[in-house]
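Shown next, in structure tokens, is the structure this report addresses.
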Amino acid sequence: MTDELTDKLAIDFCGLRFSSPVVLLSGCVGFGEEYTRVAGFSNRDVGAICLKGTTGAPRLGNPPHRVYETPAGMLNAIGLQNPGVDRVVDEILPTLDFDETRFIANVSGSTLEEYEAVTRRFNDSPIDAIEINISCPNVKEGGVAFGNDPDMSARVVETCRAVTDKPLITKLSPNQTDIAENARRCIEAGSDAFAVINTLMGMAIDIDNRTPVIGNNQGGLSGPAIKPIALLKVHQVAQVCRAHAIPIIGQGGVTTPEDAIEFLIAGASAVGVGTALFYDPLICRRINQGILDYLDQHGLNSVAQLTDTLVLNGATAC
Amino acid sequence: MTTAKPHRGTIHLEDAEILTHEAHPGGQYILRVHSPECAHRAAPGSFAHLTCDPLLPMRRPLSIMRTDPEAGWVEFLYKVVGEGTRLLSRRQTGESISVMGPIGQPFRPRPERPRPLLLGGGVGIPPMVFLADALRREPACKPLVMMGSEVPFPFTSRPSQILVPGIPDGVIAAMPLLEDWSVPSRLCSRQDFPGCYQGYITDLARDWLSALNTQHLQEVEIFACGPHPMLEAVAKLARDYDLPCQVSLEEFMACAVGGCAGCTVQVETDQGPAMKRVCVDGPVFDARAVFP
């Protein structure tokens with residue numbers, strides 16, 4: 001990709017330069033090196049990579065099965081398997097090439113104290129930004145239990161904000177009544193940006209055994225099946241963010257350049273890709289190219305000109 | 001930072017033309033695709049991640065049965081077990097599918113154990129054929145292959161011309177391809193298939209092991225792929241005879257490159273229990289780690 005093309009795709013995200021609006025999502029790409037196994041894949045093709053959710057102590061995660069294909073999507077319940085923040089910071093971050101892309105930590109915890117400790121540890125590391133995971137549906141404590149309650153969400157953000165100067169991105173759950181109100185509270189608590197949305201809770205059943213297919217019984221639904229929901233949530237959160245110039249990573253079922261463009265129009269500054277990588281590991285290049293083609297066709301000079309350009313029909317609010 | 005990263009670029013994406021696609025009884029299919037990078041780099045135990053249909057959001061992992069690096073083809077044996085493999089079975093010769101591979105840690109035979117015993121059950125047969133093909137090229141190696149299936153085997157068996165001491169009389173059915181390679185094989189099933197051992201593959205394996213003298217027994221290493229209960233029984237067999245044993249596992253899989261941790265299995269390590277990814281930490285594991 002030439003420098004000229006990169007400049008057109010580049011965005012400013014909380015003061016960080018992303019060379020592309022495409023962001024690889026937490027939980028899909030391990031700790032940043034896994035997809036480079038695929039010949040032709042490059043971390044340079046994306047603006048940022050969100051690393052696997054990290055907790056204070058190591059976690060083994062959930063029992064198998066952890067993933068299962070469903071119509072136009074998949075369920076997962078990994079359960080935040082990770083080696084703990086000390087190993088991530090001491091052993092994994094030094095192996096990453098920060099010249100290739102931006103790396104974003106994903107912080108999770110069962111208690112406010114754990115969120116605080118993990119964020120503090122990442123603050124003292126080369127990581128570019130910190131994503132607060134208050135929306136993981138696959139752990140018994142913390143995660144979505146915090147994310148579905150605006151008061152608790154705000155407390156988690158406030159706690160993390162107090163111990164880091166790095167850009168703080170709050171990953172919002174779609175499994176709640178009023179995502180916009182939650183976003184409002186998180187902004188007040190110090191969130192610099194949002195990732196919208198995490199997975200939706202779901203289930204699949206093995207009718208021969210009459211048991212859930214997923215070892216954790218329930219899982220998070222991702223993939224094209226959730227894209228319309230994600231788009232609406234991005235649009236709703238964007239209403240809140242606009243006055244504060246708070247950027248959004250729009251995510252949920254992005255599979256084509258057109259999907260990415262929809263999210264940008266809905267209000268996202270960047271677009272997350274996850275499940276689609278599993279089918280097409282080189283999809284980020286295609287999305288970059290598709291966005292560039294769209295910009296050219298519409299006489300636009302940068303991705304930023306596309307963000308939050310949705311024209312609603314009539315006066316109907318949603 | 002310019003640290004060497006040897007894992008990079010080891011898995012290849014290829015638009016692979018379907019060269020042949022044979023249907024066999026029991027919903028089994030043998031699929032041969034033109035996939036030269038995968039053919040060149042695959043090792044016994046490797047698998048590939050295939051697109052079955054553009055409408056499905058996930059690929060399917062299939063074990064590699066044979067390769068021809070010169071001709072550039074890779075062959076898979078699979079059984080229709082769900083929507084993905086059902087749609088894959090409809091793909092026609094001449095069509096193109098995306099093949100991502102080779103993936104995974106292969107079998108690593110110990111040279112000091114030149115009497116490898118290869119046990120393949122059902123769709124666990126393919127990696128055993130691939131391994132036999134590699135081992136027959138080792139001059140001092142004398143592999144023996146046993147295969148089990150409860151549906152008709154995806155080939156027409158023929159009476160073996162290779163005598164194997166310790167195998168019960170009448171158990172003569174063999175895989176023709178392996179016979180052609182001069183690799184002895186025997187077939188097992190609880191169905192009434194002619195020439196087959198009527199019972200579990202582990203029982204036939206036990207018969208053969210029991211007939212070995214002490215020196216020969218110490219030259220055995222077991223390799224196995226098949227259903228979980230079979231692998232558990234194989235691991236017990238290996239323990240009973242104090243033999244090293246490598247098993248190839250399968251699990252539902254999303255990314256197949258180690259990114260999602262969706263395909264993990266719990267193993268015992270020196271540091272205690274750990275969750276290992278079947279895709280890149282496996283699919284081949286030490287049986288003692290999986291079945292402690």
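By order of appearance in the structure tokens: chains A, B, ..., then residues from 1 within every chain, and ligands from 1 in the order shown.
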DSSP-assigned helix (DSSP H, G or I) among region 27-211 of chain B, expressed as a VMD selection string: chain B and resid 36 to 41 83 to 88 122 to 135 176 to 180 201 to 210
Please report, as CSV, each residue of chain A lying at most 7 Å from chain B, together with the nearest pair of atoms and the separation in Å rounded to one decimal; use only C-alpha atoms, and order rows by chain and ascending residue number.
```
residue,atom,partner,partner_atom,distance
A:Gly27,CA,B:Cys260,CA,5.5
A:Cys28,CA,B:Cys260,CA,4.6
A:Val29,CA,B:Gly259,CA,4.0
A:Gly30,CA,B:Gly259,CA,4.2
A:Glu34,CA,B:Gly259,CA,5.3
A:Tyr35,CA,B:Val257,CA,6.2
A:Thr36,CA,B:Arg8,CA,5.1
A:Arg37,CA,B:Arg8,CA,4.2
A:Val38,CA,B:Ile11,CA,4.7
A:Ala39,CA,B:Gly9,CA,3.8
A:Leu60,CA,B:Met275,CA,6.0
A:Pro64,CA,B:Thr264,CA,6.9
A:His65,CA,B:Phe252,CA,6.7
A:Arg66,CA,B:Gly262,CA,5.1
A:Val67,CA,B:Gly262,CA,5.5
A:Tyr68,CA,B:Phe252,CA,6.7
A:Glu69,CA,B:Met58,CA,6.7
A:Ala72,CA,B:Pro57,CA,6.0
A:Gly73,CA,B:Pro57,CA,6.1
A:Ile78,CA,B:Gly262,CA,6.1
A:Asp97,CA,B:Met1,CA,5.7
A:Phe278,CA,B:Cys255,CA,4.5
A:Tyr279,CA,B:Met58,CA,5.4
```
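Interatomic distance, CA of Ala238 (chain A) against CA of Glu181 (chain A): 11.6 Å.
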Could you give me, as a tab-separated table (two decimals) with C-alpha atoms, in the first residue's frame, the residues within 8 Å of region 50-56 of chain A, counting only C-alpha atoms and dropping anything in the same chain fewer than 5 positions from it?
```
chain	number	residue	atom	x	y	z
A	23	VAL	CA	-8.91	-2.40	14.07
A	24	LEU	CA	-8.45	-6.07	14.92
A	25	LEU	CA	-10.65	-6.98	17.85
A	26	SER	CA	-9.73	-8.35	21.21
A	27	GLY	CA	-10.06	-12.09	21.50
A	28	CYS	CA	-9.68	-12.76	17.81
A	29	VAL	CA	-5.96	-12.25	17.31
A	30	GLY	CA	-4.35	-13.45	20.53
A	31	PHE	CA	-1.57	-11.16	21.64
A	32	GLY	CA	-0.87	-9.60	18.28
A	80	LEU	CA	-10.74	-14.74	29.26
A	81	GLN	CA	-7.97	-17.33	29.05
A	82	ASN	CA	-4.79	-15.31	29.51
A	83	PRO	CA	-1.42	-15.59	31.24
A	84	GLY	CA	-2.01	-12.64	33.60
A	85	VAL	CA	-0.91	-9.05	33.25
A	86	ASP	CA	2.63	-9.52	34.56
A	88	VAL	CA	1.76	-9.97	29.21
A	103	PHE	CA	-1.38	-2.11	20.19
A	104	ILE	CA	-4.28	-1.69	22.59
A	105	ALA	CA	-4.49	-3.63	25.85
A	106	ASN	CA	-7.84	-5.09	26.85
A	107	VAL	CA	-8.33	-4.95	30.61
A	108	SER	CA	-10.76	-7.17	32.46
A	109	GLY	CA	-11.36	-8.06	36.07
A	114	GLU	CA	-8.41	-5.91	39.70
A	115	TYR	CA	-9.36	-3.43	36.95
A	117	ALA	CA	-4.25	-3.05	39.19
A	118	VAL	CA	-4.22	-4.30	35.61
A	131	GLU	CA	-9.63	-0.84	26.34
A	133	ASN	CA	-13.73	-4.73	28.92
```
Give me the residues near region 144-158 of chain B as a ChimeraX atom specification, where near means some atom within 6 Å (using only C-alpha atoms) and where sequence neighbours in that chain fewer than 2 positions away do not count. /B:24,26,117-122,173-175,184-189,201
Rounded to one decimal in Å, what is the spacing between CA of Ala180 (chain A) and CA of Ala193 (chain A)?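 The value is 13.2 Å.
Using only C-alpha atoms, the smallest distance between any of A:Phe98, A:Phe194, A:Phe13, A:Phe41 and Ile283 (chain A) comes from A:Phe41.
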Shell of 10 Å around Gly190 (chain A), only C-alpha atoms, local chain residues under 3 positions omitted, as a list of chain:residue names: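 Answer for this query is A:Ala154, A:Val157, A:Glu158, A:Thr159, A:Cys160, A:Arg161, A:Ala162, A:Pro167, A:Leu168, A:Ile169, A:Thr170, A:Arg185, A:Cys186, A:Ile187, A:Ala193.
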Of the candidates A:Glu33, A:Lys166, A:Leu295, A:Asp308, which one gets nearest to Val234 (chain A) if we count only C-alpha atoms?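 Closest to Val234 (chain A) of all the choices is A:Asp308.
If you measure from each of A:Asp128, A:Asp149, A:Glu258, A:Asp178 to Asp165 (chain A) using only C-alpha atoms, the closest one turns out to be A:Asp128.
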Would you please work out which residue, of A:Pro94, A:Pro150, A:Pro224, A:Gly202, is nearest to Thr177 (chain A) when using only C-alpha atoms?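 Nearest to Thr177 (chain A): A:Pro150.
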